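Quick look at my_file_5.txt (compact mmCIF, C-alpha atoms and all ligand atoms):
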```txt
# COMPACT_ATOMS: atom_id res chain seq x y z
CA MET A 262 176.85 1.68 109.74
CA ARG A 263 180.19 1.10 108.04
CA SER A 264 183.42 1.93 109.75
CA THR A 265 186.55 3.54 108.40
CA ILE A 266 189.67 5.26 109.77
CA GLY A 267 190.25 9.00 109.74
CA TRP A 268 191.90 11.96 111.42
CA GLN A 269 189.62 13.51 114.01
CA ALA A 270 190.17 16.65 116.08
CA ASP A 271 190.73 16.37 119.74
CA SER A 272 188.45 19.15 120.97
CA ALA A 273 190.84 20.29 123.70
CA THR A 274 194.03 20.68 121.66
CA ARG A 275 192.93 20.82 117.99
CA THR A 276 195.38 18.02 117.29
CA LEU A 277 194.11 15.42 114.86
CA ARG A 278 194.27 11.84 115.98
CA ARG A 279 193.81 8.62 114.08
CA THR A 280 190.32 7.38 114.99
CA VAL A 281 187.72 4.84 113.87
CA LEU A 282 184.82 6.70 112.20
CA GLU A 283 181.31 5.64 111.26
CA ARG A 284 179.88 6.16 107.79
CA ARG A 285 176.25 5.70 106.92
CA ASP A 286 175.09 2.60 105.05
CA LEU A 287 174.59 3.40 101.40
CA ARG A 288 171.29 4.98 100.42
CA ALA A 289 169.93 4.24 96.96
CA ASP A 290 171.57 7.38 95.49
CA ASP A 291 174.88 7.13 97.38
CA ILE A 292 178.31 5.94 96.42
CA ALA A 293 181.14 4.90 98.72
CA VAL A 294 184.53 6.36 97.79
CA ARG A 295 187.90 5.08 98.89
CA VAL A 296 189.70 8.38 99.51
CA GLU A 297 193.18 8.35 97.97
CA TYR A 298 194.22 12.00 98.20
CA CYS A 299 192.81 14.91 100.20
CA GLY A 300 193.99 18.52 99.99
CA VAL A 301 194.63 20.66 103.07
CA CYS A 302 192.62 23.89 102.81
CA HIS A 303 192.72 27.10 104.86
CA THR A 304 189.12 26.36 105.84
CA ASP A 305 190.39 23.27 107.65
CA LEU A 306 192.60 25.50 109.79
CA HIS A 307 189.72 27.89 110.53
CA ALA A 308 187.45 24.99 111.44
CA LEU A 309 190.02 23.57 113.83
CA ARG A 310 190.55 26.96 115.47
CA ALA A 311 186.80 27.46 115.90
CA HIS A 312 186.45 23.93 117.17
CA GLY A 313 189.19 24.07 119.81
CA GLY A 314 187.62 23.61 123.22
CA GLY A 315 184.15 23.12 121.75
CA ALA A 316 181.64 20.66 123.08
CA ASP A 317 181.06 18.73 119.87
CA GLY A 318 183.90 16.20 119.75
CA ALA A 319 183.57 15.12 116.14
CA LEU A 320 185.52 17.21 113.67
CA VAL A 321 187.12 15.48 110.71
CA PRO A 322 188.29 18.11 108.19
CA GLY A 323 188.97 17.63 104.49
CA HIS A 324 186.80 18.80 101.61
CA GLU A 325 188.79 18.43 98.40
CA PHE A 326 189.55 14.84 97.60
CA THR A 327 189.94 12.26 94.90
CA GLY A 328 189.56 8.52 95.11
CA VAL A 329 187.96 5.46 93.65
CA VAL A 330 184.34 4.30 93.80
CA VAL A 331 184.10 1.10 95.83
CA GLU A 332 180.34 0.58 96.03
CA VAL A 333 177.21 2.15 94.52
CA GLY A 334 173.63 2.41 95.76
CA ASP A 335 170.76 0.67 93.96
CA ALA A 336 169.59 3.77 92.08
CA VAL A 337 173.04 5.01 90.97
CA SER A 338 173.65 4.79 87.24
CA GLY A 339 176.53 7.20 86.58
CA PHE A 340 179.24 5.44 88.57
CA SER A 341 180.59 1.90 88.89
CA PRO A 342 183.07 0.41 91.31
CA GLY A 343 186.60 1.21 90.17
CA ASP A 344 185.75 4.62 88.67
CA PRO A 345 188.08 7.49 89.60
CA VAL A 346 186.07 10.21 91.27
CA ALA A 347 186.41 13.63 92.92
CA VAL A 348 184.44 15.30 95.73
CA GLY A 349 184.51 18.94 96.82
CA ASN A 350 183.24 20.99 99.71
CA ILE A 351 179.49 20.51 99.30
CA VAL A 352 177.76 17.15 99.33
CA ASP A 353 174.06 18.02 99.10
CA SER A 354 171.61 20.91 98.71
CA CYS A 355 167.85 21.42 98.76
CA GLY A 356 167.56 20.87 95.02
CA GLU A 357 164.50 23.10 94.79
CA CYS A 358 165.41 26.74 95.36
CA ARG A 359 166.26 29.15 92.56
CA MET A 360 169.98 28.77 93.12
CA CYS A 361 169.81 24.98 92.97
CA GLN A 362 167.60 25.16 89.88
CA VAL A 363 170.22 27.15 87.99
CA GLY A 364 173.02 24.82 89.05
CA GLN A 365 174.44 27.04 91.79
CA GLU A 366 174.04 24.54 94.60
CA ASN A 367 176.91 26.32 96.36
CA PHE A 368 174.52 29.25 96.94
CA CYS A 369 171.51 27.09 97.97
CA ARG A 370 169.08 29.27 99.90
CA ALA A 371 168.57 26.48 102.43
CA PHE A 372 172.40 26.30 102.69
CA PRO A 373 174.30 23.47 101.05
CA THR A 374 175.34 20.51 103.15
CA LEU A 375 179.05 20.92 103.80
CA THR A 376 181.40 17.98 103.35
CA TYR A 377 182.41 18.24 106.98
CA GLY A 378 180.87 20.06 109.90
CA GLY A 379 177.58 20.13 108.02
CA THR A 380 174.30 18.49 108.92
CA ASP A 381 173.07 15.63 106.78
CA ARG A 382 169.66 16.48 105.33
CA GLN A 383 168.21 13.05 106.09
CA ASP A 384 169.64 11.70 109.31
CA GLY A 385 170.69 15.00 110.95
CA ARG A 386 174.17 13.72 111.74
CA THR A 387 177.25 15.94 111.52
CA THR A 388 179.19 15.25 108.37
CA LEU A 389 182.79 14.05 108.74
CA GLY A 390 185.30 15.07 106.07
CA GLY A 391 187.80 13.60 103.70
CA TYR A 392 190.75 13.16 106.05
CA SER A 393 189.67 9.54 106.12
CA ARG A 394 189.93 6.36 104.11
CA GLU A 395 186.29 6.19 103.03
CA TYR A 396 183.56 8.74 102.36
CA VAL A 397 179.89 8.07 101.55
CA VAL A 398 178.35 10.73 99.32
CA ARG A 399 175.26 11.31 97.17
CA ALA A 400 176.37 10.41 93.66
CA ALA A 401 175.03 13.75 92.36
CA PHE A 402 177.75 15.54 94.34
CA ALA A 403 180.62 13.37 93.13
CA TYR A 404 182.37 14.06 89.81
CA PRO A 405 184.08 11.68 87.43
CA LEU A 406 187.79 12.45 87.54
CA PRO A 407 188.78 12.92 83.88
CA GLU A 408 191.49 10.70 82.48
CA GLY A 409 194.91 12.30 82.36
CA LEU A 410 194.55 14.36 85.54
CA ASP A 411 196.97 13.32 88.26
CA ALA A 412 194.73 12.25 91.16
CA ALA A 413 196.90 13.87 93.85
CA GLY A 414 197.37 17.18 92.05
CA ALA A 415 193.68 17.25 91.10
CA ALA A 416 192.38 17.05 94.68
CA PRO A 417 192.83 20.82 95.37
CA LEU A 418 190.87 21.65 92.21
CA LEU A 419 187.70 20.63 94.07
CA CYS A 420 187.86 23.54 96.53
CA ALA A 421 190.67 25.97 95.68
CA GLY A 422 190.28 25.38 91.96
CA VAL A 423 186.54 25.81 91.59
CA THR A 424 186.55 28.80 93.95
CA VAL A 425 188.67 30.74 91.45
CA TRP A 426 187.19 29.08 88.35
CA GLU A 427 183.60 30.25 88.93
CA PRO A 428 184.42 33.97 89.18
CA LEU A 429 186.87 33.80 86.24
CA ARG A 430 184.09 32.32 84.11
CA ALA A 431 181.28 34.45 85.50
CA LEU A 432 183.33 37.61 84.87
CA GLY A 433 183.90 36.58 81.27
CA VAL A 434 187.65 36.10 81.40
CA GLY A 435 189.01 34.97 78.04
CA PRO A 436 191.38 35.98 75.25
CA GLY A 437 192.13 39.69 75.54
CA SER A 438 191.26 39.97 79.23
CA ALA A 439 193.75 41.51 81.61
CA VAL A 440 193.66 39.61 84.90
CA ALA A 441 195.66 40.22 88.06
CA VAL A 442 195.92 37.71 90.88
CA ALA A 443 196.70 38.95 94.38
CA GLY A 444 198.18 36.38 96.72
CA LEU A 445 200.09 33.43 95.31
CA GLY A 446 198.95 30.56 97.52
CA GLY A 447 196.61 27.61 97.03
CA LEU A 448 193.89 29.65 95.31
CA GLY A 449 196.16 32.19 93.66
CA HIS A 450 198.48 29.81 91.86
CA LEU A 451 195.48 28.01 90.35
CA ALA A 452 193.92 31.34 89.35
CA VAL A 453 197.12 32.22 87.45
CA LYS A 454 197.14 28.87 85.66
CA MET A 455 193.42 28.96 84.80
CA ALA A 456 193.30 32.60 83.70
CA SER A 457 196.34 32.08 81.49
CA ALA A 458 194.83 28.92 79.98
CA LEU A 459 191.60 30.85 79.32
CA GLY A 460 193.65 33.22 77.17
CA ALA A 461 193.96 36.17 79.54
CA THR A 462 197.11 38.18 80.03
CA THR A 463 197.78 37.40 83.67
CA SER A 464 199.73 39.35 86.26
CA VAL A 465 200.58 38.66 89.87
CA LEU A 466 200.34 41.26 92.64
CA SER A 467 202.52 40.40 95.61
CA ARG A 468 203.85 42.19 98.68
CA THR A 469 207.39 40.90 98.18
CA PRO A 470 209.47 40.21 95.07
CA ASP A 471 210.52 36.70 96.12
CA LYS A 472 207.92 34.82 94.07
CA VAL A 473 208.65 36.49 90.73
CA GLY A 474 210.27 33.42 89.18
CA GLU A 475 207.48 31.14 90.35
CA ALA A 476 204.81 33.50 89.04
CA ARG A 477 206.40 33.46 85.59
CA GLY A 478 206.60 29.68 85.73
CA LEU A 479 202.86 29.50 86.41
CA GLY A 480 202.11 31.63 83.36
CA ALA A 481 202.10 35.22 84.67
CA ARG A 482 203.41 37.83 82.23
CA GLU A 483 203.95 40.54 84.79
CA PHE A 484 204.81 40.70 88.47
CA VAL A 485 203.90 43.79 90.49
CA VAL A 486 205.24 44.33 94.01
CA THR A 487 202.39 46.07 95.81
CA THR A 488 204.68 47.99 98.16
CA ASP A 489 206.33 49.66 95.15
CA ALA A 490 204.22 52.82 94.75
CA ALA A 491 205.59 53.66 91.32
CA ARG A 492 204.80 50.20 89.95
CA MET A 493 201.31 50.27 91.45
CA GLU A 494 200.71 53.68 89.87
CA ALA A 495 201.92 52.31 86.53
CA VAL A 496 199.22 49.61 86.57
CA ARG A 497 196.43 51.88 87.84
CA ASP A 498 193.06 51.19 86.13
CA ARG A 499 194.67 48.33 84.21
CA PHE A 500 193.01 45.01 85.04
CA ASP A 501 189.54 43.88 83.93
CA VAL A 502 189.46 41.38 86.77
CA VAL A 503 191.48 41.28 89.97
CA ILE A 504 191.24 37.94 91.78
CA ASP A 505 192.06 38.68 95.42
CA THR A 506 193.00 35.46 97.22
CA ILE A 507 194.78 36.99 100.23
CA SER A 508 193.55 35.06 103.26
CA ALA A 509 194.24 37.68 105.96
CA PRO A 510 192.09 40.82 106.41
CA HIS A 511 193.57 43.66 104.32
CA ASP A 512 192.87 47.08 102.83
CA LEU A 513 191.06 46.76 99.49
CA ALA A 514 191.90 50.26 98.27
CA PRO A 515 195.24 49.46 96.55
CA TYR A 516 193.61 46.55 94.73
CA LEU A 517 190.57 48.58 93.64
CA ARG A 518 192.89 51.24 92.22
CA VAL A 519 194.36 48.77 89.71
CA VAL A 520 190.93 47.55 88.50
CA ALA A 521 190.06 48.88 85.01
CA MET A 522 186.96 50.96 84.33
CA ASP A 523 183.86 48.75 84.71
CA GLY A 524 186.13 45.99 85.95
CA THR A 525 185.72 43.86 89.06
CA LEU A 526 187.65 43.10 92.19
CA SER A 527 186.68 39.57 93.20
CA HIS A 528 187.42 39.23 96.90
CA LEU A 529 187.78 35.50 97.60
CA GLY A 530 190.45 34.71 100.15
CA HIS A 531 189.07 36.40 103.23
CA LEU A 532 185.49 36.20 104.45
CA GLY A 533 184.19 38.86 106.81
CA PRO A 534 183.43 42.57 106.98
CA VAL A 535 185.49 44.91 104.80
CA THR A 536 185.63 48.68 104.61
CA VAL A 537 185.44 50.32 101.20
CA GLU A 538 185.79 53.98 100.29
CA THR A 539 182.98 54.44 97.74
CA MET A 540 185.15 56.95 95.83
CA ASP A 541 187.41 54.01 94.96
CA LEU A 542 184.38 52.39 93.27
CA LEU A 543 182.96 55.60 91.81
CA ALA A 544 186.07 56.60 89.86
CA GLY A 545 185.84 54.06 87.06
CA ARG A 546 182.46 52.45 87.93
CA LYS A 547 184.37 49.62 89.56
CA LYS A 548 182.66 46.58 91.03
CA LEU A 549 183.40 44.63 94.18
CA SER A 550 182.33 41.00 94.21
CA SER A 551 182.95 37.70 95.94
CA ALA A 552 182.37 34.01 95.32
CA GLY A 553 183.07 30.65 96.88
CA SER A 554 183.01 27.02 95.94
CA GLY A 555 181.11 25.97 92.82
CA GLY A 556 177.84 24.57 91.56
CA ARG A 557 177.69 21.11 90.03
CA PRO A 558 177.78 22.19 86.37
CA SER A 559 180.75 24.51 86.75
CA THR A 560 182.64 22.00 88.88
CA ALA A 561 182.28 19.42 86.12
CA ASP A 562 183.26 22.05 83.49
CA MET A 563 186.31 23.02 85.48
CA LEU A 564 187.52 19.42 85.70
CA ARG A 565 187.09 18.97 81.93
CA PHE A 566 188.93 22.25 81.26
CA CYS A 567 191.78 21.31 83.59
CA ALA A 568 192.12 17.90 81.94
CA ALA A 569 192.18 19.51 78.49
CA HIS A 570 194.83 22.04 79.55
CA GLY A 571 196.87 19.83 81.86
CA ILE A 572 196.13 21.93 84.93
CA THR A 573 196.57 20.52 88.42
CA ALA A 574 197.70 22.13 91.65
CA ASP A 575 201.40 22.32 92.51
CA ILE A 576 201.44 20.21 95.63
CA GLU A 577 203.56 18.78 98.40
CA LEU A 578 202.34 15.24 98.97
CA LEU A 579 202.58 13.93 102.53
CA PRO A 580 201.49 10.71 104.20
CA SER A 581 198.29 11.41 106.11
CA SER A 582 200.12 10.67 109.36
CA GLN A 583 201.81 14.08 108.90
CA VAL A 584 198.51 15.95 108.84
CA ASN A 585 199.27 17.95 111.98
CA GLN A 586 202.63 19.13 110.60
CA ALA A 587 200.92 20.06 107.34
CA LEU A 588 198.37 22.23 109.17
CA GLU A 589 201.09 23.85 111.25
CA ARG A 590 203.12 24.69 108.15
CA LEU A 591 200.03 25.95 106.30
CA GLU A 592 199.40 28.34 109.17
CA ARG A 593 202.85 29.83 108.49
CA ASN A 594 202.24 29.82 104.70
CA ASP A 595 205.12 27.39 104.42
CA VAL A 596 203.84 25.51 101.37
CA ARG A 597 204.16 25.83 97.61
CA TYR A 598 201.21 25.73 97.04
CA ARG A 599 199.00 23.09 98.56
CA PHE A 600 199.50 20.13 100.85
CA VAL A 601 197.82 16.94 99.78
CA LEU A 602 197.55 13.98 102.12
CA ASP A 603 198.08 10.47 100.83
CA MET A 604 195.51 8.35 102.67
CA SER A 605 197.03 4.95 101.85
CA ASP A 606 198.72 4.84 105.26
CA LEU A 607 195.28 4.48 106.87
CA ASP A 608 194.88 0.87 105.72
ZN ZN B 701 188.51 24.55 101.03
ZN ZN B 702 168.69 24.98 97.19
```

In structure tokens, write the structure found in this file.
Amino acid sequence: MRSTIGWQADSATRTLRRTVLERRDLRADDIAVRVEYCGVCHTDLHALRAHGGGADGALVPGHEFTGVVVEVGDAVSGFSPGDPVAVGNIVDSCGECRMCQVGQENFCRAFPTLTYGGTDRQDGRTTLGGYSREYVVRAAFAYPLPEGLDAAGAAPLLCAGVTVWEPLRALGVGPGSAVAVAGLGGLGHLAVKMASALGATTSVLSRTPDKVGEARGLGAREFVVTTDAARMEAVRDRFDVVIDTISAPHDLAPYLRVVAMDGTLSHLGHLGPVTVETMDLLAGRKKLSSAGSGGRPSTADMLRFCAAHGITADIELLPSSQVNQALERLERNDVRYRFVLDMSDLD
């Protein structure tokens, strides 16, 4: 075993404390990554809430990070020590099912191994995440970080970014598309940037008018306040794709109403049961869909696209020692638009 330092949840209080962690010795197809920057995702908050009071003491969140390769296993050919690298929220999959065979490891029928809180397919140990100074990962699930991408701003691309990228691509968004993004947070602000860079005319749907200037700055042409009934009626049946990144449970009906005929509402921010009035789908043959994370090919594509178009997340960079404050502020949506932790204070 190798040891490193990370931020681990105290099971009684959900507070993260600086702790010595064990990482596995490198397997032939592993690389060891010195984690430089790790994004703070809503999933981390959910995991901590679910974990509070639990019996299993080991929870280290963090599943969107960038860093530098420090060591490679004997069979690794694609990476060398010193290479900049990025890792997202899945670190292994069965490799054999239909989903894995078409490069959708995120939908692996045997369930992908999650970057934290997952179970390693070989040793059965619980995976510990990227809120740490070092991570050991199968090289196949690490991605070269393209030159020109800021390593801190790129970290959130590996979860928030690819989660909006896959549906934008799968739904054929490109020049001429009309896209609306609901919810302007970690996912939403990247959806606006990516859809605009893909050539779509992009709008933002928001409950309050206070983010209008920011939305324009991100590339949105139009800003629609969803509580303004007249404005919502004016954009009825308008958008080919609506990317819904709102993280709290909410009524889908207003968002379905603004989807164009044969268009799709992609419901990404909230996981769980939803209620849909089928008439809202019937009138206009509208589709309701969801997605999450990304397969290996589309993750690599997304990073190349972002490098070519200069897209990174808008972040607030904090020393990792402020991780608990970051989580607290994220819970109140007090961030524009993603916290990223600088891990250099763990040395
Ligand atoms: Zn995430
Ligand atoms: Zn599989």

Distance limit 6 Å, reference ligand ZN 701 (chain B), atoms considered: only C-alpha atoms and all ligand atoms. Which residues make the cut? Give them as a list in words.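 The residues near ligand ZN 701 (chain B) are Cys302, Thr304, Cys420 and Ala421 of chain A.
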
Give me, as JSON lines, each residue of chain A that comes within 8 Å of ligand ZN 702 (chain B), together with its shortest interatomic pair and the distance in Å at one decimal, counting all atoms listed in the file, with rows ordered by chain and rising residue number.
```
{"residue": "A:Ser354", "atom": "CA", "partner": "B:ZN702", "partner_atom": "ZN", "distance": 5.2}
{"residue": "A:Cys355", "atom": "CA", "partner": "B:ZN702", "partner_atom": "ZN", "distance": 4.0}
{"residue": "A:Gly356", "atom": "CA", "partner": "B:ZN702", "partner_atom": "ZN", "distance": 4.8}
{"residue": "A:Glu357", "atom": "CA", "partner": "B:ZN702", "partner_atom": "ZN", "distance": 5.2}
{"residue": "A:Cys358", "atom": "CA", "partner": "B:ZN702", "partner_atom": "ZN", "distance": 4.1}
{"residue": "A:Arg359", "atom": "CA", "partner": "B:ZN702", "partner_atom": "ZN", "distance": 6.7}
{"residue": "A:Met360", "atom": "CA", "partner": "B:ZN702", "partner_atom": "ZN", "distance": 5.7}
{"residue": "A:Cys361", "atom": "CA", "partner": "B:ZN702", "partner_atom": "ZN", "distance": 4.4}
{"residue": "A:Gln362", "atom": "CA", "partner": "B:ZN702", "partner_atom": "ZN", "distance": 7.4}
{"residue": "A:Glu366", "atom": "CA", "partner": "B:ZN702", "partner_atom": "ZN", "distance": 6.0}
{"residue": "A:Phe368", "atom": "CA", "partner": "B:ZN702", "partner_atom": "ZN", "distance": 7.2}
{"residue": "A:Cys369", "atom": "CA", "partner": "B:ZN702", "partner_atom": "ZN", "distance": 3.6}
{"residue": "A:Arg370", "atom": "CA", "partner": "B:ZN702", "partner_atom": "ZN", "distance": 5.1}
{"residue": "A:Ala371", "atom": "CA", "partner": "B:ZN702", "partner_atom": "ZN", "distance": 5.5}
{"residue": "A:Phe372", "atom": "CA", "partner": "B:ZN702", "partner_atom": "ZN", "distance": 6.8}
{"residue": "A:Pro373", "atom": "CA", "partner": "B:ZN702", "partner_atom": "ZN", "distance": 7.0}
```

Shell of 12 Å around Gly553 of chain A, all atoms listed in the file, local chain residues under 3 positions omitted, as an NGL selection string: :A and (304 or 349-351 or 365-368 or 419-429 or 448 or 506 or 527-532 or 550 or 556 or 560)

Fewer than 6 positions away in the same chain doesn't count, so skip those; otherwise give me all residues within 8 Å of Tyr298 of chain A, counting all atoms listed in the file, as a PyMOL selection string. chain A and resi 326-328+412-413+416+601-604

Using only C-alpha atoms, which residues sit within 12 Å of Val584 of chain A once same-chain residues fewer than 5 positions away are excluded, as a PyMOL selection string? chain A and resi 267-270+275-279+299-302+305-306+321-323+392-393+577-579+589-591+600-604+606

Using all atoms listed in the file for the distances, tell me which of A:Val281, A:Ala481, A:Ala347, A:Cys567 is nearest to Arg295 of chain A.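 Comparing A:Val281, A:Ala481, A:Ala347, A:Cys567 against Arg295 of chain A, the winner is A:Ala347.
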
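Using all atoms listed in the file for every distance, the candidate list A:Gly555, A:Gly433, A:Pro580, A:Gly449 yields A:Pro580 as the residue closest to Glu297 of chain A.
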
Using Å and a single decimal, report how far atom CA of Leu320 of chain A sits from atom CA of Thr387 of chain A. 8.6 Å

Distance query Ala521 of chain A at most 12 Å, all atoms listed in the file, self and fewer than 5 positions along chain excluded, as a ChimeraX atom specification: /A:438-441,496-503,516,526,541-548

Would you work out the distance separating atom CA of Arg399 of chain A from atom CA of Ala431 of chain A, expressed in Å to one decimal?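 Between atom CA of Arg399 of chain A and atom CA of Ala431 of chain A the gap is 26.6 Å.
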
Adding 8 Å on each side of the box along x, y and z that holds all listed atoms of segment 506-514 of chain A, could you give its centre and edge lengths in Å to one decimal, as lines of an AutoDock Vina configuration file?
```
center_x = 192.9
center_y = 42.7
center_z = 101.8
size_x = 19.7
size_y = 31.2
size_z = 25.2
```
